[in-house]
file start.cif (mmCIF, C-alpha atoms)
data_query
loop_
_atom_site.group_PDB
_atom_site.id
_atom_site.type_symbol
_atom_site.label_atom_id
_atom_site.label_comp_id
_atom_site.auth_asym_id
_atom_site.auth_seq_id
_atom_site.Cartn_x
_atom_site.Cartn_y
_atom_site.Cartn_z
ATOM 1 C CA MET A 180 -0.147 -123.026 90.843
ATOM 2 C CA THR A 181 1.766 -125.261 88.451
ATOM 3 C CA THR A 182 -0.506 -124.309 85.573
ATOM 4 C CA VAL A 183 0.071 -120.561 86.024
ATOM 5 C CA TRP A 184 3.672 -120.346 84.819
ATOM 6 C CA PRO A 185 3.026 -121.895 81.384
ATOM 7 C CA ARG A 186 0.268 -119.329 80.802
ATOM 8 C CA TYR A 187 2.546 -116.435 81.745
ATOM 9 C CA ALA A 188 5.292 -117.865 79.556
ATOM 10 C CA LEU A 189 2.858 -118.120 76.645
ATOM 11 C CA ARG A 190 1.813 -114.500 77.109
ATOM 12 C CA ALA A 191 5.428 -113.337 77.236
ATOM 13 C CA LEU A 192 6.166 -115.377 74.118
ATOM 14 C CA SER A 193 3.226 -113.775 72.322
ATOM 15 C CA LEU A 194 4.473 -110.278 73.160
ATOM 16 C CA ALA A 195 8.035 -111.153 72.151
ATOM 17 C CA ALA A 196 6.791 -112.560 68.836
ATOM 18 C CA ALA A 197 4.871 -109.352 68.093
ATOM 19 C CA LEU A 198 7.941 -107.223 68.852
ATOM 20 C CA GLY A 199 10.121 -109.501 66.738
ATOM 21 C CA LEU A 200 7.752 -109.220 63.788
ATOM 22 C CA TRP A 201 7.747 -105.435 64.175
ATOM 23 C CA GLN A 202 11.548 -105.381 64.180
ATOM 24 C CA LEU A 203 11.778 -107.520 61.043
ATOM 25 C CA LEU A 204 9.195 -105.518 59.086
ATOM 26 C CA THR A 205 10.825 -102.168 59.904
ATOM 27 C CA ALA A 206 14.460 -103.290 59.655
ATOM 28 C CA PHE A 207 13.945 -104.630 56.103
ATOM 29 C CA ASP A 208 11.649 -101.741 55.042
ATOM 30 C CA VAL A 209 8.846 -104.048 53.982
ATOM 31 C CA ASN A 210 6.445 -102.311 51.623
ATOM 32 C CA VAL A 211 3.699 -104.705 50.546
ATOM 33 C CA TRP A 212 0.470 -102.647 50.597
ATOM 34 C CA LEU A 213 1.273 -101.709 54.220
ATOM 35 C CA ARG A 214 4.336 -99.447 54.265
ATOM 36 C CA PHE A 215 6.852 -99.966 57.025
ATOM 37 C CA GLU A 216 9.804 -98.064 55.567
ATOM 38 C CA GLN A 217 9.055 -94.958 57.655
ATOM 39 C CA PHE A 218 8.288 -96.832 60.835
ATOM 40 C CA PRO A 219 10.938 -96.703 63.578
ATOM 41 C CA THR A 220 12.369 -100.040 64.611
ATOM 42 C CA VAL A 221 11.921 -101.560 68.048
ATOM 43 C CA VAL A 222 15.542 -100.683 68.790
ATOM 44 C CA ASP A 223 14.946 -97.013 67.906
ATOM 45 C CA VAL A 224 11.867 -96.834 70.114
ATOM 46 C CA ALA A 225 13.654 -98.581 72.983
ATOM 47 C CA ARG A 226 16.576 -96.166 72.705
ATOM 48 C CA GLU A 227 14.232 -93.163 72.728
ATOM 49 C CA PHE A 228 12.318 -94.597 75.662
ATOM 50 C CA GLY A 229 15.547 -95.055 77.610
ATOM 51 C CA GLU A 230 16.472 -91.426 77.039
ATOM 52 C CA ARG A 231 13.061 -90.081 78.036
ATOM 53 C CA ILE A 232 12.559 -92.237 81.095
ATOM 54 C CA GLY A 233 15.516 -90.489 82.702
ATOM 55 C CA SER A 234 14.156 -86.991 82.038
ATOM 56 C CA GLY A 235 11.821 -84.905 84.180
ATOM 57 C CA PRO A 236 9.274 -83.923 81.481
ATOM 58 C CA TYR A 237 8.381 -87.564 80.805
ATOM 59 C CA TRP A 238 7.408 -88.203 84.419
ATOM 60 C CA GLN A 239 5.634 -84.855 84.635
ATOM 61 C CA ASP A 240 3.484 -85.746 81.621
ATOM 62 C CA LEU A 241 2.774 -89.184 83.060
ATOM 63 C CA THR A 242 1.754 -87.706 86.418
ATOM 64 C CA ASP A 243 -0.526 -85.146 84.780
ATOM 65 C CA SER A 244 -2.329 -87.771 82.698
ATOM 66 C CA LEU A 245 -2.743 -90.127 85.678
ATOM 67 C CA THR A 246 -4.083 -87.311 87.847
ATOM 68 C CA ARG A 247 -6.661 -86.391 85.224
ATOM 69 C CA ILE A 248 -7.778 -89.966 84.634
ATOM 70 C CA VAL A 249 -8.026 -90.872 88.323
ATOM 71 C CA THR A 250 -9.944 -87.692 89.208
ATOM 72 C CA GLY A 251 -12.417 -87.941 86.336
ATOM 73 C CA PHE A 252 -12.907 -91.692 86.712
ATOM 74 C CA ALA A 253 -13.463 -91.526 90.481
ATOM 75 C CA LEU A 254 -16.110 -88.816 90.075
ATOM 76 C CA ALA A 255 -17.759 -90.786 87.257
ATOM 77 C CA ALA A 256 -17.810 -93.981 89.323
ATOM 78 C CA VAL A 257 -19.583 -92.321 92.250
ATOM 79 C CA ALA A 258 -22.031 -90.361 90.106
ATOM 80 C CA GLY A 259 -22.693 -93.231 87.721
ATOM 81 C CA VAL A 260 -23.524 -95.732 90.455
ATOM 82 C CA ALA A 261 -25.694 -93.239 92.354
ATOM 83 C CA ILE A 262 -27.659 -91.984 89.355
ATOM 84 C CA GLY A 263 -27.946 -95.431 87.760
ATOM 85 C CA THR A 264 -29.374 -96.849 90.985
ATOM 86 C CA ALA A 265 -31.783 -93.922 91.383
ATOM 87 C CA VAL A 266 -33.053 -94.218 87.801
ATOM 88 C CA ALA A 267 -33.537 -97.968 88.148
ATOM 89 C CA ARG A 268 -35.423 -97.829 91.464
ATOM 90 C CA SER A 269 -37.315 -94.541 91.327
ATOM 91 C CA ARG A 270 -39.989 -93.788 88.749
ATOM 92 C CA LEU A 271 -39.662 -90.069 89.501
ATOM 93 C CA ALA A 272 -35.891 -90.120 88.907
ATOM 94 C CA ALA A 273 -36.396 -92.080 85.692
ATOM 95 C CA ASP A 274 -38.920 -89.518 84.422
ATOM 96 C CA LEU A 275 -36.789 -86.522 85.394
ATOM 97 C CA LEU A 276 -33.290 -87.737 84.490
ATOM 98 C CA GLY A 277 -33.955 -90.468 81.936
ATOM 99 C CA PRO A 278 -34.792 -88.287 78.904
ATOM 100 C CA VAL A 279 -31.857 -85.938 79.514
ATOM 101 C CA LEU A 280 -29.396 -88.820 79.947
ATOM 102 C CA GLU A 281 -30.633 -90.635 76.862
ATOM 103 C CA VAL A 282 -30.222 -87.496 74.737
ATOM 104 C CA LEU A 283 -26.685 -86.843 76.020
ATOM 105 C CA ARG A 284 -25.493 -90.449 76.000
ATOM 106 C CA PRO A 285 -24.991 -90.837 72.200
ATOM 107 C CA ILE A 286 -22.804 -87.706 72.054
ATOM 108 C CA PRO A 287 -19.112 -88.725 72.027
ATOM 109 C CA ALA A 288 -17.250 -87.307 74.998
ATOM 110 C CA ILE A 289 -14.498 -85.947 72.776
ATOM 111 C CA ALA A 290 -17.127 -83.885 70.918
ATOM 112 C CA LEU A 291 -17.679 -81.963 74.154
ATOM 113 C CA VAL A 292 -14.222 -80.375 74.000
ATOM 114 C CA PRO A 293 -15.616 -77.025 72.699
ATOM 115 C CA VAL A 294 -18.203 -77.108 75.498
ATOM 116 C CA ALA A 295 -15.473 -77.749 78.062
ATOM 117 C CA ILE A 296 -13.374 -74.883 76.710
ATOM 118 C CA LEU A 297 -16.323 -72.485 76.971
ATOM 119 C CA LEU A 298 -17.608 -73.825 80.274
ATOM 120 C CA PHE A 299 -14.520 -74.183 82.453
ATOM 121 C CA PRO A 300 -11.948 -71.489 83.269
ATOM 122 C CA SER A 301 -8.929 -73.754 82.748
ATOM 123 C CA ASN A 302 -7.937 -76.542 80.374
ATOM 124 C CA GLU A 303 -7.191 -78.819 83.325
ATOM 125 C CA GLN A 304 -10.771 -78.722 84.554
ATOM 126 C CA GLY A 305 -12.061 -79.166 81.014
ATOM 127 C CA ILE A 306 -9.992 -82.319 80.453
ATOM 128 C CA VAL A 307 -11.192 -83.770 83.763
ATOM 129 C CA PHE A 308 -14.749 -83.028 82.637
ATOM 130 C CA ILE A 309 -14.171 -84.884 79.361
ATOM 131 C CA THR A 310 -12.747 -87.846 81.285
ATOM 132 C CA PHE A 311 -15.691 -87.803 83.677
ATOM 133 C CA THR A 312 -18.213 -87.764 80.834
ATOM 134 C CA ALA A 313 -16.499 -90.627 79.036
ATOM 135 C CA ALA A 314 -16.625 -92.924 82.082
ATOM 136 C CA PHE A 315 -19.967 -91.794 83.492
ATOM 137 C CA PHE A 316 -22.316 -93.257 80.896
ATOM 138 C CA PRO A 317 -20.884 -96.814 80.805
ATOM 139 C CA VAL A 318 -21.027 -96.946 84.608
ATOM 140 C CA MET A 319 -24.518 -95.448 84.784
ATOM 141 C CA VAL A 320 -26.008 -97.720 82.111
ATOM 142 C CA SER A 321 -24.458 -100.902 83.519
ATOM 143 C CA THR A 322 -25.633 -99.991 87.027
ATOM 144 C CA ARG A 323 -29.154 -99.280 85.814
ATOM 145 C CA HIS A 324 -29.436 -102.599 84.000
ATOM 146 C CA ALA A 325 -27.866 -104.552 86.873
ATOM 147 C CA VAL A 326 -30.260 -103.070 89.449
ATOM 148 C CA ARG A 327 -33.296 -103.665 87.268
ATOM 149 C CA ALA A 328 -32.278 -107.290 86.732
ATOM 150 C CA LEU A 329 -32.352 -108.107 90.455
ATOM 151 C CA THR A 330 -35.025 -110.540 91.559
ATOM 152 C CA PRO A 331 -37.616 -108.898 93.850
ATOM 153 C CA VAL A 332 -37.662 -111.922 96.166
ATOM 154 C CA TRP A 333 -34.504 -110.739 97.944
ATOM 155 C CA GLU A 334 -35.920 -107.301 98.606
ATOM 156 C CA GLU A 335 -39.199 -108.760 99.840
ATOM 157 C CA ALA A 336 -37.311 -111.007 102.232
ATOM 158 C CA VAL A 337 -35.482 -108.042 103.798
ATOM 159 C CA LEU A 338 -38.694 -106.042 104.068
ATOM 160 C CA THR A 339 -40.455 -108.994 105.685
ATOM 161 C CA MET A 340 -37.759 -109.138 108.368
ATOM 162 C CA GLY A 341 -38.270 -105.463 109.174
ATOM 163 C CA GLY A 342 -35.561 -103.876 107.060
ATOM 164 C CA GLY A 343 -36.044 -100.405 105.595
ATOM 165 C CA ARG A 344 -35.097 -98.873 102.249
ATOM 166 C CA TRP A 345 -31.495 -98.179 103.250
ATOM 167 C CA ARG A 346 -31.107 -101.742 104.498
ATOM 168 C CA VAL A 347 -32.444 -103.031 101.198
ATOM 169 C CA LEU A 348 -30.050 -100.765 99.333
ATOM 170 C CA GLY A 349 -27.001 -101.865 101.319
ATOM 171 C CA SER A 350 -27.852 -105.548 101.721
ATOM 172 C CA VAL A 351 -29.589 -106.409 98.446
ATOM 173 C CA VAL A 352 -29.363 -103.796 95.702
ATOM 174 C CA LEU A 353 -25.677 -102.836 95.724
ATOM 175 C CA PRO A 354 -24.259 -106.324 96.463
ATOM 176 C CA GLY A 355 -26.560 -107.921 93.894
ATOM 177 C CA ALA A 356 -25.733 -105.372 91.206
ATOM 178 C CA LEU A 357 -22.012 -105.322 91.976
ATOM 179 C CA PRO A 358 -20.906 -107.659 89.125
ATOM 180 C CA GLY A 359 -22.719 -105.484 86.582
ATOM 181 C CA ILE A 360 -21.326 -102.305 88.138
ATOM 182 C CA LEU A 361 -17.789 -103.672 87.903
ATOM 183 C CA GLY A 362 -18.336 -104.442 84.237
ATOM 184 C CA GLY A 363 -19.284 -100.820 83.642
ATOM 185 C CA LEU A 364 -16.236 -99.617 85.565
ATOM 186 C CA SER A 365 -13.971 -101.807 83.450
ATOM 187 C CA VAL A 366 -15.441 -100.385 80.242
ATOM 188 C CA GLY A 367 -15.402 -96.851 81.633
ATOM 189 C CA ILE A 368 -11.697 -96.811 82.464
ATOM 190 C CA GLY A 369 -10.827 -97.828 78.910
ATOM 191 C CA VAL A 370 -13.067 -95.197 77.330
ATOM 192 C CA SER A 371 -11.659 -92.606 79.741
ATOM 193 C CA TRP A 372 -8.126 -93.194 78.479
ATOM 194 C CA ILE A 373 -9.234 -92.769 74.883
ATOM 195 C CA CYS A 374 -10.907 -89.457 75.632
ATOM 196 C CA VAL A 375 -8.305 -88.016 77.982
ATOM 197 C CA ILE A 376 -5.529 -88.606 75.445
ATOM 198 C CA SER A 377 -7.651 -87.075 72.690
ATOM 199 C CA ALA A 378 -8.489 -84.069 74.875
ATOM 200 C CA GLU A 379 -4.813 -83.578 75.710
ATOM 201 C CA MET A 380 -3.966 -83.622 72.020
ATOM 202 C CA ILE A 381 -6.620 -80.994 71.244
ATOM 203 C CA SER A 382 -6.498 -78.581 74.150
ATOM 204 C CA GLY A 383 -3.936 -79.838 76.646
ATOM 205 C CA GLU A 384 -0.707 -78.185 77.715
ATOM 206 C CA TYR A 385 0.848 -81.187 79.447
ATOM 207 C CA GLY A 386 0.294 -84.910 79.526
ATOM 208 C CA VAL A 387 1.174 -87.998 77.511
ATOM 209 C CA GLY A 388 -1.344 -87.176 74.769
ATOM 210 C CA TYR A 389 -0.040 -83.620 74.403
ATOM 211 C CA ARG A 390 3.580 -84.815 74.221
ATOM 212 C CA THR A 391 2.732 -87.512 71.673
ATOM 213 C CA TRP A 392 1.049 -84.967 69.415
ATOM 214 C CA GLN A 393 3.969 -82.575 69.727
ATOM 215 C CA ASP A 394 6.355 -85.345 68.685
ATOM 216 C CA TYR A 395 4.199 -85.997 65.640
ATOM 217 C CA THR A 396 4.233 -82.337 64.600
ATOM 218 C CA VAL A 397 8.052 -82.278 64.653
ATOM 219 C CA VAL A 398 8.251 -85.672 62.842
ATOM 220 C CA ASP A 399 9.801 -87.452 65.844
ATOM 221 C CA TYR A 400 8.342 -90.878 65.113
ATOM 222 C CA PRO A 401 10.273 -92.773 67.819
ATOM 223 C CA GLY A 402 8.860 -90.272 70.319
ATOM 224 C CA VAL A 403 5.368 -90.887 68.962
ATOM 225 C CA PHE A 404 5.734 -94.628 69.538
ATOM 226 C CA VAL A 405 7.127 -94.018 73.023
ATOM 227 C CA GLY A 406 3.970 -92.058 73.786
ATOM 228 C CA MET A 407 1.780 -94.798 72.321
ATOM 229 C CA ALA A 408 3.567 -97.469 74.351
ATOM 230 C CA THR A 409 3.225 -95.363 77.498
ATOM 231 C CA ILE A 410 -0.505 -94.929 76.901
ATOM 232 C CA GLY A 411 -0.907 -98.673 76.384
ATOM 233 C CA VAL A 412 0.963 -99.565 79.568
ATOM 234 C CA LEU A 413 -0.922 -96.986 81.635
ATOM 235 C CA GLY A 414 -4.256 -98.210 80.292
ATOM 236 C CA TRP A 415 -3.348 -101.826 81.018
ATOM 237 C CA LEU A 416 -2.232 -101.016 84.567
ATOM 238 C CA THR A 417 -5.362 -99.039 85.435
ATOM 239 C CA SER A 418 -7.676 -101.641 83.880
ATOM 240 C CA THR A 419 -5.884 -104.383 85.810
ATOM 241 C CA ALA A 420 -6.205 -102.380 89.024
ATOM 242 C CA VAL A 421 -9.970 -102.033 88.494
ATOM 243 C CA GLU A 422 -10.282 -105.757 87.748
ATOM 244 C CA LEU A 423 -8.259 -106.792 90.809
ATOM 245 C CA ALA A 424 -10.263 -104.464 93.029
ATOM 246 C CA GLY A 425 -13.449 -105.939 91.617
ATOM 247 C CA ARG A 426 -12.305 -109.479 92.335
ATOM 248 C CA ARG A 427 -11.426 -108.504 95.872
ATOM 249 C CA VAL A 428 -14.838 -107.041 96.662
ATOM 250 C CA THR A 429 -16.641 -109.983 94.995
ATOM 251 C CA ARG A 430 -14.739 -112.832 96.602
ATOM 252 C CA TRP A 431 -18.062 -114.350 97.595
ATOM 253 C CA LEU A 432 -18.960 -114.978 93.947
ATOM 254 C CA PRO A 433 -18.126 -118.349 92.342
ATOM 255 C CA ARG A 434 -15.290 -118.187 89.831
ATOM 256 C CA THR A 435 -16.014 -119.827 86.483
ATOM 257 C CA GLU A 436 -13.136 -118.358 84.486
ATOM 258 C CA HIS A 437 -10.597 -120.972 83.313
ATOM 259 C CA ALA A 438 -12.521 -123.687 85.110
ATOM 260 C CA GLU A 439 -11.491 -127.272 84.590
ATOM 261 C CA PRO A 440 -13.764 -129.230 82.239
ATOM 262 C CA VAL A 441 -16.265 -131.535 83.882
ATOM 263 C CA PRO A 442 -15.189 -135.157 83.380
ATOM 264 C CA LYS A 443 -17.471 -137.260 81.278
ATOM 265 C CA VAL A 444 -19.278 -140.139 82.912
ATOM 266 C CA ARG A 445 -18.311 -143.488 81.469
ATOM 267 C CA ARG A 446 -21.081 -145.940 80.774
ATOM 268 C CA ALA A 447 -20.571 -149.571 81.594
ATOM 269 C CA ARG A 448 -20.140 -151.907 78.646
ATOM 270 C CA GLY A 449 -23.140 -153.919 77.596
ATOM 271 C CA ILE A 450 -25.578 -151.752 79.519
ATOM 272 C CA SER A 451 -27.836 -149.423 77.616
ATOM 273 C CA PRO A 452 -29.788 -146.651 79.253
ATOM 274 C CA THR A 453 -33.422 -147.382 80.006
ATOM 275 C CA PRO A 454 -35.670 -145.250 77.806
ATOM 276 C CA PRO A 455 -37.983 -142.913 79.726
ATOM 277 C CA LEU A 456 -41.635 -143.744 80.114
ATOM 278 C CA PRO A 457 -44.231 -141.730 78.179
ATOM 279 C CA GLY A 458 -44.546 -138.313 79.803
ATOM 280 C CA GLN A 459 -41.418 -138.846 81.906
ATOM 281 C CA VAL A 460 -38.481 -136.440 81.546
ATOM 282 C CA SER A 461 -35.137 -138.121 81.099
ATOM 283 C CA THR A 462 -32.498 -136.651 83.453
ATOM 284 C CA PRO A 463 -28.841 -137.569 82.951
ATOM 285 C CA PRO A 464 -26.955 -138.831 86.026
ATOM 286 C CA LEU A 465 -24.742 -136.412 87.939
ATOM 287 C CA PRO A 466 -20.937 -136.793 87.706
ATOM 288 C CA GLY A 467 -19.980 -139.735 89.833
ATOM 289 C CA GLN A 468 -23.564 -140.984 90.108
ATOM 290 C CA VAL A 469 -24.446 -144.464 88.815
ATOM 291 C CA SER A 470 -27.118 -144.527 86.179
ATOM 292 C CA PRO A 471 -30.373 -146.205 87.272
ATOM 293 C CA ALA A 472 -30.026 -148.506 84.287
ATOM 294 C CA GLY A 473 -26.894 -149.998 85.808
ATOM 295 C CA ASP A 474 -28.542 -150.963 89.106
#
call {"tool": "encode", "arguments": {"input": "start.cif", "output": "structure tokens"}}
result
Amino acid sequence: MTTVWPRYALRALSLAAALGLWQLLTAFDVNVWLRFEQFPTVVDVAREFGERIGSGPYWQDLTDSLTRIVTGFALAAVAGVAIGTAVARSRLAADLLGPVLEVLRPIPAIALVPVAILLFPSNEQGIVFITFTAAFFPVMVSTRHAVRALTPVWEEAVLTMGGGRWRVLGSVVLPGALPGILGGLSVGIGVSWICVISAEMISGEYGVGYRTWQDYTVVDYPGVFVGMATIGVLGWLTSTAVELAGRRVTRWLPRTEHAEPVPKVRRARGISPTPPLPGQVSTPPLPGQVSPAGD
């Protein structure tokens, strides 16, 4: 616990340094290749943010964008995991769905805006469709690869003990593929934010992306940066929520992130390791284990 606070302090210092550099570049109108004379200062953006945070339209836009992202992402998570698992485990599903998915997958989700406008009766449904499409393919592909990478020994063990297909699916396939699925969900939520904001700018009537574009059209640059900051914070919060949920459902996995380095084993002075015999593999001693040469 004692090592956590210095890390948080370092992160806060990094953010403060970035904001300070922004303030200096814009306050002194630095113009060296990159032009900062038209950029609003941090103070201007903070003042605009303070005014908007107390108004109703700001919270209405935020609620609309969150509703769209949560709805589209939830549908994409369910469909992506189900279809990815089916394609990975069923040859029939792979033959029927695989070619269609591989043709649609390279198409950027934002390029489907005209399709959404023609297909759905309202812009709201079209934006949710764009969000769904953006998150679906990362989740589906990661699920497919994670399921295919599972060792068949686990499935054979369940079948040997009398388990059926559903038991294999619930006890082996989904738990074993869960780390890969969570990776796809983490990527999908980020791509969803990119596409939902772009869709709101193109065809939306409300939302953070729509408001940011409107501020740009009326040359309200502090408002534009307020919208950008709001998008960044919302994206960070949703990505963190997905990561925390993933850690909670995979508590049984060993954690290797930020692990302490393994201490090196000191060798006694004056003792040299015994060379291996011909054909013998030399294995280093485990940490804390005395080398056979020192016996």
call {"tool": "residues_around", "arguments": {"input": "start.cif", "residues": "Val326 (chain A)", "least_positions_apart": "3", "cutoff": "7 Å", "atoms": "all atoms listed in the file", "output": "list in words"}}
result
Thr264, Ala267, Thr322, Arg323, Leu329, Val352 and Ala356 of chain A
call {"tool": "closest_atom_pairs", "arguments": {"input": "start.cif", "of": "region 337-429 of chain A", "to": "region 300-321 of chain A", "cutoff": "6 Å", "atoms": "all atoms listed in the file", "output": "tab-separated table"}}
result
residue	atom	partner	partner_atom	distance
A:Gly359	CA	A:Ser321	CA	5.8
A:Ile360	CA	A:Ser321	CA	5.8
A:Gly363	CA	A:Val318	CA	4.4
A:Leu364	CA	A:Val318	CA	5.6
A:Gly367	CA	A:Ala314	CA	4.1
A:Val370	CA	A:Ala313	CA	6.0
A:Ser371	CA	A:Thr310	CA	5.1
A:Val375	CA	A:Thr310	CA	5.5
call {"tool": "residues_around", "arguments": {"input": "start.cif", "residues": "region 379-385 of chain A", "least_positions_apart": "5", "cutoff": "10 Å", "atoms": "all atoms listed in the file", "output": "list in words"}}
result
Pro236, Tyr237, Gln239, Asp240, Leu241, Thr242, Asp243, Ser244, Ile289, Val292, Pro293, Ala295, Ile296, Ser301, Asn302, Glu303, Gly305, Ile306, Cys374, Arg390, Thr391, Trp392 and Gln393 of chain A
call {"tool": "residues_around", "arguments": {"input": "start.cif", "residues": "region 227-234 of chain A", "least_positions_apart": "5", "cutoff": "7 Å", "atoms": "only C-alpha atoms", "output": "PyMOL selection string"}}
result
chain A and resi 401-402+405
call {"tool": "atom_distance", "arguments": {"input": "start.cif", "atom1": "CA of Trp345 (chain A)", "atom2": "CA of Arg426 (chain A)"}}
result
24.8 Å
call {"tool": "atom_distance", "arguments": {"input": "start.cif", "atom1": "CA of Trp431 (chain A)", "atom2": "CA of Pro358 (chain A)"}}
result
11.2 Å
call {"tool": "closest_residue", "arguments": {"input": "start.cif", "among": "A:Leu280, A:Leu204, A:Ala265, A:Ala420", "to": "Val249 (chain A)", "atoms": "only C-alpha atoms"}}
result
A:Ala420
call {"tool": "atom_distance", "arguments": {"input": "start.cif", "atom1": "CA of Leu245 (chain A)", "atom2": "CA of Gly386 (chain A)"}}
result
8.6 Å
call {"tool": "resolve_selection", "arguments": {"input": "start.cif", "expression": "the PyMOL selection byres ((chain A and resi 220) around 7)", "output": "PyMOL selection string"}}
result
chain A and resi 202+205-206+218-219+221-224
call {"tool": "residues_around", "arguments": {"input": "start.cif", "residues": "Val337 (chain A)", "least_positions_apart": "2", "cutoff": "12 Å", "atoms": "all atoms listed in the file", "output": "list in words"}}
result
Pro331, Val332, Trp333, Glu334, Glu335, Thr339, Met340, Gly341, Gly342, Gly343, Arg344, Trp345, Arg346, Val347, Leu348, Gly349, Ser350, Val351 and Val352 of chain A
